[in-house]
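Source file: upload.json (JSON, C-alpha atoms and all ligand atoms)
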[["chain", "number", "residue", "atom", "x", "y", "z"],
["V", 1, "MET", "CA", 0.00, 0.00, 0.00],
["V", 2, "LYS", "CA", 1.38, 3.37, -1.01],
["V", 3, "LYS", "CA", 2.33, 5.53, 1.95],
["V", 4, "ILE", "CA", 1.89, 9.25, 1.58],
["V", 5, "PRO", "CA", 5.01, 11.16, 2.50],
["V", 6, "ALA", "CA", 4.38, 12.78, 5.82],
["V", 7, "VAL", "CA", 6.08, 15.72, 7.40],
["V", 8, "LEU", "CA", 6.61, 15.29, 11.11],
["V", 9, "PHE", "CA", 3.71, 16.26, 13.30],
["V", 10, "PRO", "CA", 5.16, 19.23, 15.19],
["V", 11, "ILE", "CA", 5.40, 21.22, 11.98],
["V", 12, "ARG", "CA", 2.69, 23.76, 11.64],
["V", 13, "CYS", "CA", 2.29, 27.28, 10.31],
["V", 14, "TYR", "CA", 6.01, 27.71, 10.37],
["V", 15, "HIS", "CA", 8.45, 25.24, 11.72],
["V", 16, "PHE", "CA", 11.79, 25.07, 13.42],
["V", 17, "PHE", "CA", 12.45, 21.44, 12.79],
["V", 18, "ARG", "CA", 15.14, 20.61, 15.31],
["V", 19, "SER", "CA", 13.81, 22.63, 18.20],
["V", 20, "GLN", "CA", 10.30, 21.20, 17.78],
["V", 21, "VAL", "CA", 9.01, 24.73, 18.02],
["V", 22, "SER", "CA", 6.48, 26.16, 15.67],
["V", 23, "VAL", "CA", 5.46, 29.71, 15.00],
["V", 24, "CYS", "CA", 1.82, 30.49, 14.74],
["V", 25, "SER", "CA", 1.40, 32.58, 11.73],
["V", 26, "LEU", "CA", -0.40, 35.72, 10.87],
["V", 27, "PHE", "CA", 1.30, 35.16, 7.54],
["V", 28, "ALA", "CA", -1.16, 32.62, 6.25],
["V", 29, "PHE", "CA", -4.10, 34.74, 7.29],
["V", 30, "LEU", "CA", -2.69, 37.85, 5.68],
["V", 31, "LEU", "CA", -2.09, 35.98, 2.47],
["V", 32, "THR", "CA", -5.58, 34.58, 2.68],
["V", 33, "CYS", "CA", -6.92, 38.09, 2.89],
["V", 34, "GLN", "CA", -4.92, 39.05, -0.16],
["V", 35, "LEU", "CA", -6.05, 36.15, -2.25],
["V", 36, "VAL", "CA", -9.74, 36.48, -1.53],
["V", 37, "ASN", "CA", -9.49, 40.23, -1.47],
["V", 38, "LEU", "CA", -10.55, 40.76, 2.10],
["V", 39, "SER", "CA", -9.44, 43.68, 4.20],
["V", 40, "THR", "CA", -5.97, 43.71, 5.68],
["V", 41, "MET", "CA", -5.41, 43.01, 9.33],
["V", 42, "ALA", "CA", -3.32, 46.07, 10.01],
["V", 43, "GLY", "CA", -5.64, 47.11, 12.80],
["V", 44, "ALA", "CA", -5.19, 43.82, 14.57],
["V", 45, "ILE", "CA", -1.52, 44.42, 15.34],
["V", 46, "ALA", "CA", -0.91, 45.84, 18.76],
["V", 47, "ASP", "CA", 0.60, 49.22, 19.39],
["V", 48, "GLU", "CA", 3.95, 49.17, 21.04],
["V", 49, "ALA", "CA", 3.87, 49.32, 24.83],
["V", 50, "PRO", "CA", 6.59, 50.15, 27.36],
["V", 51, "ALA", "CA", 8.79, 47.17, 28.15],
["V", 52, "SER", "CA", 8.57, 45.60, 31.57],
["V", 53, "ALA", "CA", 11.09, 43.13, 32.95],
["V", 54, "VAL", "CA", 8.76, 41.40, 35.37],
["V", 55, "TRP", "CA", 6.43, 38.59, 34.40],
["V", 56, "LYS", "CA", 3.15, 38.44, 36.29],
["V", 57, "GLN", "CA", 0.80, 35.49, 36.26],
["V", 58, "PHE", "CA", -2.92, 34.97, 35.90],
["V", 59, "LYS", "CA", -3.96, 31.35, 36.43],
["V", 60, "SER", "CA", -7.06, 29.52, 35.32],
["V", 61, "LYS", "CA", -7.93, 25.85, 35.53],
["V", 62, "HIS", "CA", -5.95, 24.74, 32.48],
["V", 63, "PHE", "CA", -3.77, 27.77, 31.70],
["V", 64, "VAL", "CA", -1.10, 29.95, 33.27],
["V", 65, "ILE", "CA", -1.09, 33.32, 31.54],
["V", 66, "ASN", "CA", 2.25, 35.11, 31.91],
["V", 67, "TYR", "CA", 1.97, 38.80, 31.14],
["V", 68, "LYS", "CA", 3.98, 41.98, 31.58],
["V", 69, "SER", "CA", 1.50, 44.78, 32.07],
["V", 70, "ASP", "CA", -1.91, 44.20, 30.53],
["V", 71, "GLU", "CA", -3.80, 42.19, 33.15],
["V", 72, "LYS", "CA", -7.13, 42.74, 31.45],
["V", 73, "PHE", "CA", -5.87, 41.20, 28.21],
["V", 74, "ALA", "CA", -4.38, 38.29, 30.19],
["V", 75, "GLU", "CA", -7.77, 37.64, 31.76],
["V", 76, "GLN", "CA", -9.41, 37.80, 28.34],
["V", 77, "VAL", "CA", -6.91, 35.30, 26.98],
["V", 78, "ALA", "CA", -7.45, 32.93, 29.91],
["V", 79, "ASP", "CA", -11.21, 33.14, 29.54],
["V", 80, "LYS", "CA", -11.07, 32.57, 25.78],
["V", 81, "ALA", "CA", -8.54, 29.75, 26.13],
["V", 82, "GLU", "CA", -10.77, 27.92, 28.63],
["V", 83, "LYS", "CA", -13.84, 28.34, 26.42],
["V", 84, "ASP", "CA", -11.99, 27.46, 23.21],
["V", 85, "SER", "CA", -10.44, 24.36, 24.74],
["V", 86, "GLN", "CA", -13.83, 23.08, 25.80],
["V", 87, "SER", "CA", -15.34, 23.98, 22.48],
["V", 88, "ILE", "CA", -12.55, 22.51, 20.34],
["V", 89, "SER", "CA", -12.36, 19.35, 22.41],
["V", 90, "GLY", "CA", -16.12, 18.98, 22.15],
["V", 91, "LYS", "CA", -16.20, 19.62, 18.40],
["V", 92, "LEU", "CA", -13.48, 17.07, 17.73],
["V", 93, "GLY", "CA", -14.48, 14.63, 20.44],
["V", 94, "PHE", "CA", -10.96, 14.73, 21.85],
["V", 95, "GLU", "CA", -11.84, 14.90, 25.53],
["V", 96, "LYS", "CA", -8.48, 14.11, 27.05],
["V", 97, "PHE", "CA", -7.41, 17.66, 27.78],
["V", 98, "ASP", "CA", -9.99, 18.24, 30.52],
["V", 99, "ASN", "CA", -8.17, 16.01, 32.97],
["V", 100, "PHE", "CA", -4.78, 16.46, 31.40],
["V", 101, "TRP", "CA", -3.85, 20.15, 31.45],
["V", 102, "LEU", "CA", -4.09, 20.55, 35.22],
["V", 103, "TRP", "CA", -1.80, 21.97, 37.88],
["V", 104, "ASP", "CA", 1.81, 21.76, 36.72],
["V", 105, "LYS", "CA", 0.64, 20.46, 33.33],
["V", 106, "ARG", "CA", -1.30, 23.60, 32.56],
["V", 107, "VAL", "CA", -0.56, 25.21, 29.21],
["V", 108, "LYS", "CA", 1.69, 28.24, 29.64],
["V", 109, "ILE", "CA", 0.82, 31.29, 27.59],
["V", 110, "PHE", "CA", 3.32, 34.17, 27.42],
["V", 111, "LEU", "CA", 2.04, 37.61, 26.42],
["V", 112, "TYR", "CA", 4.88, 39.96, 25.61],
["V", 113, "GLU", "CA", 4.37, 43.69, 26.01],
["V", 114, "SER", "CA", 4.58, 44.41, 22.29],
["V", 115, "ALA", "CA", 4.81, 42.75, 18.91],
["V", 116, "GLU", "CA", 8.44, 43.78, 18.67],
["V", 117, "ALA", "CA", 9.29, 42.31, 22.08],
["V", 118, "PHE", "CA", 7.54, 39.06, 21.16],
["V", 119, "ARG", "CA", 9.43, 38.73, 17.88],
["V", 120, "THR", "CA", 12.77, 39.70, 19.38],
["V", 121, "LYS", "CA", 12.53, 37.50, 22.48],
["V", 122, "THR", "CA", 11.15, 34.45, 20.70],
["V", 123, "GLY", "CA", 13.13, 34.76, 17.49],
["V", 124, "SER", "CA", 9.92, 34.86, 15.47],
["V", 125, "PRO", "CA", 9.73, 36.32, 11.98],
["V", 126, "GLN", "CA", 8.07, 39.67, 11.34],
["V", 127, "TRP", "CA", 4.87, 38.09, 10.11],
["V", 128, "ALA", "CA", 4.30, 35.90, 13.17],
["V", 129, "ALA", "CA", 1.47, 36.71, 15.58],
["V", 130, "GLY", "CA", 2.03, 33.80, 17.92],
["V", 131, "LYS", "CA", 4.23, 30.82, 18.57],
["V", 132, "ALA", "CA", 3.66, 27.36, 20.01],
["V", 133, "ASP", "CA", 6.12, 24.92, 21.52],
["V", 134, "TYR", "CA", 4.61, 21.44, 21.59],
["V", 135, "ILE", "CA", 7.26, 20.03, 23.89],
["V", 136, "SER", "CA", 7.06, 22.60, 26.69],
["V", 137, "ASN", "CA", 3.32, 23.14, 26.13],
["V", 138, "GLU", "CA", 3.78, 26.87, 25.67],
["V", 139, "ILE", "CA", 2.11, 29.45, 23.47],
["V", 140, "SER", "CA", 3.54, 32.95, 23.04],
["V", 141, "SER", "CA", 2.12, 36.16, 21.64],
["V", 142, "PHE", "CA", 1.78, 39.80, 22.64],
["V", 143, "ALA", "CA", -0.73, 42.02, 24.39],
["V", 144, "ASN", "CA", -3.62, 43.81, 22.68],
["V", 145, "ASN", "CA", -3.51, 41.32, 19.85],
["V", 146, "ASP", "CA", -7.06, 40.76, 18.70],
["V", 147, "MET", "CA", -5.92, 38.35, 16.01],
["V", 148, "PHE", "CA", -4.40, 36.13, 18.68],
["V", 149, "ILE", "CA", -7.64, 35.85, 20.60],
["V", 150, "ARG", "CA", -9.85, 35.44, 17.56],
["V", 151, "SER", "CA", -7.99, 32.92, 15.42],
["V", 152, "VAL", "CA", -4.39, 32.19, 16.45],
["V", 153, "LEU", "CA", -5.30, 30.94, 19.93],
["V", 154, "PRO", "CA", -7.94, 28.41, 18.78],
["V", 155, "HIS", "CA", -5.61, 27.32, 15.97],
["V", 156, "GLU", "CA", -2.76, 26.65, 18.40],
["V", 157, "LEU", "CA", -4.98, 24.99, 20.97],
["V", 158, "THR", "CA", -6.23, 22.64, 18.27],
["V", 159, "HIS", "CA", -2.65, 21.61, 17.54],
["V", 160, "LEU", "CA", -2.05, 20.87, 21.24],
["V", 161, "ILE", "CA", -5.34, 19.00, 21.64],
["V", 162, "LEU", "CA", -4.68, 16.95, 18.50],
["V", 163, "ARG", "CA", -1.15, 16.24, 19.69],
["V", 164, "ASP", "CA", -2.50, 14.89, 22.97],
["V", 165, "PHE", "CA", -5.07, 12.75, 21.15],
["V", 166, "MET", "CA", -2.37, 11.41, 18.84],
["V", 167, "GLU", "CA", -0.22, 10.59, 21.89],
["V", 168, "TYR", "CA", 2.73, 12.50, 20.46],
["V", 169, "GLN", "CA", 2.68, 10.31, 17.33],
["V", 170, "THR", "CA", 5.10, 12.09, 15.00],
["V", 171, "ASP", "CA", 4.00, 10.71, 11.66],
["V", 172, "VAL", "CA", 0.79, 12.69, 11.25],
["V", 173, "PRO", "CA", 0.65, 14.28, 7.80],
["V", 174, "ILE", "CA", 1.11, 18.02, 7.89],
["V", 175, "TRP", "CA", -2.01, 18.62, 5.78],
["V", 176, "ILE", "CA", -4.15, 16.91, 8.43],
["V", 177, "ASN", "CA", -2.43, 18.75, 11.28],
["V", 178, "GLU", "CA", -2.81, 22.16, 9.66],
["V", 179, "GLY", "CA", -6.11, 21.38, 8.02],
["V", 180, "VAL", "CA", -7.94, 20.54, 11.22],
["V", 181, "SER", "CA", -6.47, 23.55, 13.05],
["V", 182, "GLN", "CA", -7.79, 25.80, 10.32],
["V", 183, "TRP", "CA", -11.14, 24.00, 10.26],
["V", 184, "ILE", "CA", -11.51, 25.19, 13.85],
["V", 185, "GLU", "CA", -10.71, 28.82, 13.07],
["V", 186, "PRO", "CA", -13.80, 30.99, 12.66],
["V", 187, "ASP", "CA", -14.70, 31.79, 9.05],
["V", 188, "LYS", "CA", -11.62, 30.06, 7.71],
["V", 189, "LYS", "CA", -12.99, 27.10, 5.81],
["V", 190, "GLN", "CA", -15.24, 29.15, 3.55],
["V", 191, "ARG", "CA", -12.31, 31.32, 2.52],
["V", 192, "ALA", "CA", -10.23, 28.18, 2.04],
["V", 193, "HIS", "CA", -12.85, 26.62, -0.23],
["V", 194, "GLU", "CA", -13.05, 29.82, -2.27],
["V", 195, "ALA", "CA", -9.29, 29.95, -2.59],
["V", 196, "ALA", "CA", -9.05, 26.24, -3.50],
["V", 197, "SER", "CA", -11.78, 26.72, -6.08],
["V", 198, "MET", "CA", -9.84, 29.62, -7.55],
["V", 199, "LEU", "CA", -6.68, 27.52, -7.66],
["V", 200, "LEU", "CA", -8.62, 24.73, -9.36],
["V", 201, "SER", "CA", -9.91, 27.11, -12.03],
["V", 202, "LYS", "CA", -6.34, 28.22, -12.70],
["V", 203, "GLY", "CA", -5.13, 24.62, -12.91],
["V", 204, "ARG", "CA", -3.05, 25.02, -9.78],
["V", 205, "LEU", "CA", -4.88, 22.71, -7.39],
["V", 206, "LEU", "CA", -2.42, 20.01, -6.41],
["V", 207, "ASP", "CA", -3.07, 16.39, -5.51],
["V", 208, "ILE", "CA", -2.83, 15.17, -1.94],
["V", 209, "ASN", "CA", 0.61, 13.64, -2.39],
["V", 210, "GLN", "CA", 1.91, 16.99, -3.54],
["V", 211, "ILE", "CA", 0.20, 18.80, -0.68],
["V", 212, "ALA", "CA", 1.60, 16.25, 1.77],
["V", 213, "SER", "CA", 5.11, 16.87, 0.50],
["V", 214, "PHE", "CA", 5.03, 20.52, 1.54],
["V", 215, "ASP", "CA", 7.95, 21.18, 3.84],
["V", 216, "PRO", "CA", 8.27, 24.62, 5.42],
["V", 217, "ARG", "CA", 11.97, 23.97, 5.97],
["V", 218, "LYS", "CA", 12.50, 24.20, 2.24],
["V", 219, "THR", "CA", 12.49, 27.37, 0.22],
["V", 220, "GLN", "CA", 11.50, 25.41, -2.88],
["V", 221, "ASN", "CA", 8.16, 23.63, -2.70],
["V", 222, "LEU", "CA", 5.60, 22.61, -5.29],
["V", 223, "LEU", "CA", 3.22, 25.09, -3.76],
["V", 224, "SER", "CA", 3.59, 28.33, -1.85],
["V", 225, "PRO", "CA", 2.82, 28.46, 1.88],
["V", 226, "GLN", "CA", -0.48, 30.21, 1.29],
["V", 227, "GLU", "CA", -1.52, 27.63, -1.31],
["V", 228, "PHE", "CA", -0.60, 24.88, 1.11],
["V", 229, "TYR", "CA", -2.77, 26.39, 3.85],
["V", 230, "PHE", "CA", -5.72, 26.98, 1.58],
["V", 231, "GLN", "CA", -5.63, 23.50, 0.17],
["V", 232, "SER", "CA", -5.05, 21.68, 3.45],
["V", 233, "ALA", "CA", -7.89, 23.64, 5.09],
["V", 234, "SER", "CA", -10.25, 23.01, 2.18],
["V", 235, "LEU", "CA", -9.33, 19.33, 1.97],
["V", 236, "VAL", "CA", -9.75, 18.55, 5.67],
["V", 237, "SER", "CA", -12.94, 20.63, 5.86],
["V", 238, "PHE", "CA", -14.31, 18.61, 2.96],
["V", 239, "ILE", "CA", -13.49, 15.31, 4.69],
["V", 240, "ILE", "CA", -14.98, 16.38, 8.02],
["V", 241, "ASP", "CA", -18.06, 18.14, 6.72],
["V", 242, "THR", "CA", -19.08, 15.42, 4.28],
["V", 243, "HIS", "CA", -18.32, 12.41, 6.47],
["V", 244, "THR", "CA", -18.78, 13.72, 10.04],
["V", 245, "VAL", "CA", -16.29, 14.70, 12.67],
["V", 246, "ALA", "CA", -16.83, 11.38, 14.44],
["V", 247, "LYS", "CA", -15.44, 9.55, 11.41],
["V", 248, "PHE", "CA", -12.54, 12.00, 11.22],
["V", 249, "ARG", "CA", -11.70, 11.19, 14.83],
["V", 250, "ILE", "CA", -11.65, 7.48, 13.92],
["V", 251, "LEU", "CA", -9.38, 8.30, 10.96],
["V", 252, "CYS", "CA", -6.96, 10.11, 13.28],
["V", 253, "GLY", "CA", -7.07, 7.17, 15.67],
["V", 254, "HIS", "CA", -6.02, 4.76, 12.93],
["V", 255, "ILE", "CA", -3.12, 7.05, 11.97],
["V", 256, "ARG", "CA", -2.13, 7.34, 15.63],
["V", 257, "ASP", "CA", -2.09, 3.56, 15.83],
["V", 258, "GLY", "CA", 0.35, 3.31, 12.96],
["V", 259, "LYS", "CA", -1.71, 2.84, 9.82],
["V", 260, "THR", "CA", -0.75, 4.57, 6.60],
["V", 261, "VAL", "CA", -3.16, 7.25, 5.44],
["V", 262, "ASP", "CA", -4.49, 4.95, 2.71],
["V", 263, "ASP", "CA", -5.10, 2.15, 5.20],
["V", 264, "ALA", "CA", -6.65, 4.53, 7.71],
["V", 265, "LEU", "CA", -9.01, 5.80, 4.99],
["V", 266, "ARG", "CA", -9.95, 2.26, 3.99],
["V", 267, "PHE", "CA", -10.78, 1.28, 7.58],
["V", 268, "THR", "CA", -12.67, 4.51, 8.28],
["V", 269, "TYR", "CA", -14.60, 5.00, 5.04],
["V", 270, "PRO", "CA", -14.83, 1.52, 3.48],
["V", 271, "ASP", "CA", -17.71, 2.40, 1.14],
["V", 272, "SER", "CA", -16.73, 5.88, 0.00],
["V", 273, "ILE", "CA", -13.43, 7.75, 0.24],
["V", 274, "ASN", "CA", -11.50, 4.59, 1.01],
["V", 275, "ASN", "CA", -8.19, 5.70, -0.48],
["V", 276, "VAL", "CA", -6.33, 8.91, -1.20],
["V", 277, "GLN", "CA", -7.30, 8.99, -4.87],
["V", 278, "LYS", "CA", -10.99, 8.79, -4.01],
["V", 279, "VAL", "CA", -10.65, 11.59, -1.45],
["V", 280, "GLN", "CA", -8.97, 13.71, -4.03],
["V", 281, "ASP", "CA", -11.53, 13.00, -6.75],
["V", 282, "ALA", "CA", -14.46, 13.71, -4.43],
["V", 283, "TRP", "CA", -12.86, 16.90, -3.13],
["V", 284, "ARG", "CA", -12.19, 18.20, -6.64],
["V", 285, "LYS", "CA", -15.74, 17.38, -7.74],
["V", 286, "THR", "CA", -17.15, 19.35, -4.80],
["V", 287, "LEU", "CA", -15.03, 22.33, -5.76],
["V", 288, "GLU", "CA", -16.05, 22.00, -9.42],
["V", 289, "ASP", "CA", -19.71, 21.85, -8.48],
["V", 290, "LYS", "CA", -19.37, 25.17, -6.65],
["V", 291, "GLN", "CA", -17.94, 26.94, -9.68],
["V", 301, "ZN", "ZN", -0.93, 25.55, 12.46]]
Go ahead and render the structure in this file as structure tokens.
Amino acid sequence: MKKIPAVLFPIRCYHFFRSQVSVCSLFAFLLTCQLVNLSTMAGAIADEAPASAVWKQFKSKHFVINYKSDEKFAEQVADKAEKDSQSISGKLGFEKFDNFWLWDKRVKIFLYESAEAFRTKTGSPQWAAGKADYISNEISSFANNDMFIRSVLPHELTHLILRDFMEYQTDVPIWINEGVSQWIEPDKKQRAHEAASMLLSKGRLLDINQIASFDPRKTQNLLSPQEFYFQSASLVSFIIDTHTVAKFRILCGHIRDGKTVDDALRFTYPDSINNVQKVQDAWRKTLEDKQ
């Protein structure tokens, strides 16, 4: 059985391969806005604030929010993180986190005083709005960052929740990892379908093997980062929305237990999308039907 090339699980919006750290990206969202001609997110970037050397903490049941000066924003982040975690876990049926991220296993969120401080201290690129470290269970961003609360936080939490469900299995295809995290983001999948449809009309929609070969460590890929995000989001949204999230959870379980993607598809969807080619054909047909 053909095995789809898989990029290691910790990779996400942007990836530092050896450190197992990933940067949550405003990049993909900005590019999304460009492609579908939505407004820019300039207003979502925080104004610079005075630096403060002292970290303060705001703790909730599953999160420790480390902040420099903006306690109100820290409380907002904690509240949203608790609600999002419940919501995401419920949507995906991955319930483990509720009894898992407790006490010293709480997720640590660091809110730097400014975008510049965040990027300097974490070594993040200019386009990054947040950063997740799957090993230390940490998420970093900066204060007064509406984009973080609205879409980056749920995206990152989905990665952490999926990682827990997959029991740190490292051979999860990157398109599934990124696709499901974008499926969770509000308003993302519709934009992804529109972008994928546009790519299809231009003859630039790739097959799943090509999407799966995307490697953010490389400067040369078959598709650009924004095309990768659009297509992975559209593809996973198609799988979940046409065959239920319960089936998708079973699919992930088979991959976690060591099956190839083709085998996992065959066990999960024996009478429909039971191999990669059939997924691809059905996905393309759905996009064609919308044109
Ligand atoms: Zn991601």
May I have the protein, DNA and RNA residues with an atom at most 12 Å from (-9.3, 39.3, 21.1), counting only C-alpha atoms in the file's coordinates, returned as a PDB file with C-alpha atoms, in the coordinates of the input?
ATOM      1  CA  GLY V  43      -5.640  47.110  12.800  1.00  0.00           C
ATOM      2  CA  ALA V  44      -5.190  43.820  14.570  1.00  0.00           C
ATOM      3  CA  ILE V  45      -1.520  44.420  15.340  1.00  0.00           C
ATOM      4  CA  ALA V  46      -0.910  45.840  18.760  1.00  0.00           C
ATOM      5  CA  LYS V  72      -7.130  42.740  31.450  1.00  0.00           C
ATOM      6  CA  PHE V  73      -5.870  41.200  28.210  1.00  0.00           C
ATOM      7  CA  ALA V  74      -4.380  38.290  30.190  1.00  0.00           C
ATOM      8  CA  GLU V  75      -7.770  37.640  31.760  1.00  0.00           C
ATOM      9  CA  GLN V  76      -9.410  37.800  28.340  1.00  0.00           C
ATOM     10  CA  VAL V  77      -6.910  35.300  26.980  1.00  0.00           C
ATOM     11  CA  ALA V  78      -7.450  32.930  29.910  1.00  0.00           C
ATOM     12  CA  ASP V  79     -11.210  33.140  29.540  1.00  0.00           C
ATOM     13  CA  LYS V  80     -11.070  32.570  25.780  1.00  0.00           C
ATOM     14  CA  ALA V  81      -8.540  29.750  26.130  1.00  0.00           C
ATOM     15  CA  SER V 141       2.120  36.160  21.640  1.00  0.00           C
ATOM     16  CA  PHE V 142       1.780  39.800  22.640  1.00  0.00           C
ATOM     17  CA  ALA V 143      -0.730  42.020  24.390  1.00  0.00           C
ATOM     18  CA  ASN V 144      -3.620  43.810  22.680  1.00  0.00           C
ATOM     19  CA  ASN V 145      -3.510  41.320  19.850  1.00  0.00           C
ATOM     20  CA  ASP V 146      -7.060  40.760  18.700  1.00  0.00           C
ATOM     21  CA  MET V 147      -5.920  38.350  16.010  1.00  0.00           C
ATOM     22  CA  PHE V 148      -4.400  36.130  18.680  1.00  0.00           C
ATOM     23  CA  ILE V 149      -7.640  35.850  20.600  1.00  0.00           C
ATOM     24  CA  ARG V 150      -9.850  35.440  17.560  1.00  0.00           C
ATOM     25  CA  SER V 151      -7.990  32.920  15.420  1.00  0.00           C
ATOM     26  CA  VAL V 152      -4.390  32.190  16.450  1.00  0.00           C
ATOM     27  CA  LEU V 153      -5.300  30.940  19.930  1.00  0.00           C
ATOM     28  CA  PRO V 154      -7.940  28.410  18.780  1.00  0.00           C
TER      29      PRO V 154
END
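Using only C-alpha atoms, the residues found no farther than 9 Å from Met198 in chain V, other than those of its own chain fewer than 6 positions away, are Arg204, Leu205 and Gln291 of chain V.
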A straight line from CA of Asp262 in chain V to CA of Glu178 in chain V spans 18.6 Å
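Our summary of the geometry notes that CA of Ala246 in chain V is positioned 12.7 Å from CA of Glu95 in chain V.
For the pair CA of Val54 in chain V and CA of Lys68 in chain V, the separation is 6.1 Å.
The closest residue to ligand ZN 301 (chain V), picked from V:Ser197, V:Ser232, V:Gln57, V:Ser85 and counting only C-alpha atoms and all ligand atoms, is V:Ser232.
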Rank V:Ile174, V:Ile135, V:Ala115, V:Leu287 by their smallest atom-to-atom distance to Gln210 in chain V, using only C-alpha atoms, and report the top residue only. V:Ile174
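With distances restricted to all atoms listed in the file, V:Val180 is the closest residue to ligand ZN 301 (chain V) from V:Val180, V:Ile109, V:Val245, V:Leu235.
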As number ranges by chain, please: the residues near Arg266 in chain V (cut-off 6 Å, only C-alpha atoms, same-chain neighbours under 4 positions excluded). V: 270, 274-275
Requested file, range 220-246 of chain V restricted to C-alpha atoms, as a PDB file, in the first residue's frame:
ATOM      1  CA  GLN V 220      11.502  25.413  -2.883  1.00  0.00           C
ATOM      2  CA  ASN V 221       8.157  23.633  -2.702  1.00  0.00           C
ATOM      3  CA  LEU V 222       5.604  22.608  -5.290  1.00  0.00           C
ATOM      4  CA  LEU V 223       3.222  25.087  -3.757  1.00  0.00           C
ATOM      5  CA  SER V 224       3.593  28.328  -1.850  1.00  0.00           C
ATOM      6  CA  PRO V 225       2.822  28.455   1.881  1.00  0.00           C
ATOM      7  CA  GLN V 226      -0.483  30.214   1.291  1.00  0.00           C
ATOM      8  CA  GLU V 227      -1.521  27.635  -1.305  1.00  0.00           C
ATOM      9  CA  PHE V 228      -0.598  24.881   1.111  1.00  0.00           C
ATOM     10  CA  TYR V 229      -2.767  26.392   3.854  1.00  0.00           C
ATOM     11  CA  PHE V 230      -5.722  26.984   1.583  1.00  0.00           C
ATOM     12  CA  GLN V 231      -5.630  23.498   0.168  1.00  0.00           C
ATOM     13  CA  SER V 232      -5.053  21.680   3.452  1.00  0.00           C
ATOM     14  CA  ALA V 233      -7.886  23.637   5.088  1.00  0.00           C
ATOM     15  CA  SER V 234     -10.246  23.007   2.183  1.00  0.00           C
ATOM     16  CA  LEU V 235      -9.333  19.332   1.974  1.00  0.00           C
ATOM     17  CA  VAL V 236      -9.755  18.554   5.675  1.00  0.00           C
ATOM     18  CA  SER V 237     -12.941  20.631   5.855  1.00  0.00           C
ATOM     19  CA  PHE V 238     -14.309  18.609   2.955  1.00  0.00           C
ATOM     20  CA  ILE V 239     -13.489  15.311   4.694  1.00  0.00           C
ATOM     21  CA  ILE V 240     -14.981  16.377   8.022  1.00  0.00           C
ATOM     22  CA  ASP V 241     -18.056  18.140   6.715  1.00  0.00           C
ATOM     23  CA  THR V 242     -19.079  15.420   4.279  1.00  0.00           C
ATOM     24  CA  HIS V 243     -18.318  12.409   6.473  1.00  0.00           C
ATOM     25  CA  THR V 244     -18.785  13.724  10.045  1.00  0.00           C
ATOM     26  CA  VAL V 245     -16.289  14.703  12.671  1.00  0.00           C
ATOM     27  CA  ALA V 246     -16.831  11.383  14.439  1.00  0.00           C
TER      28      ALA V 246
END
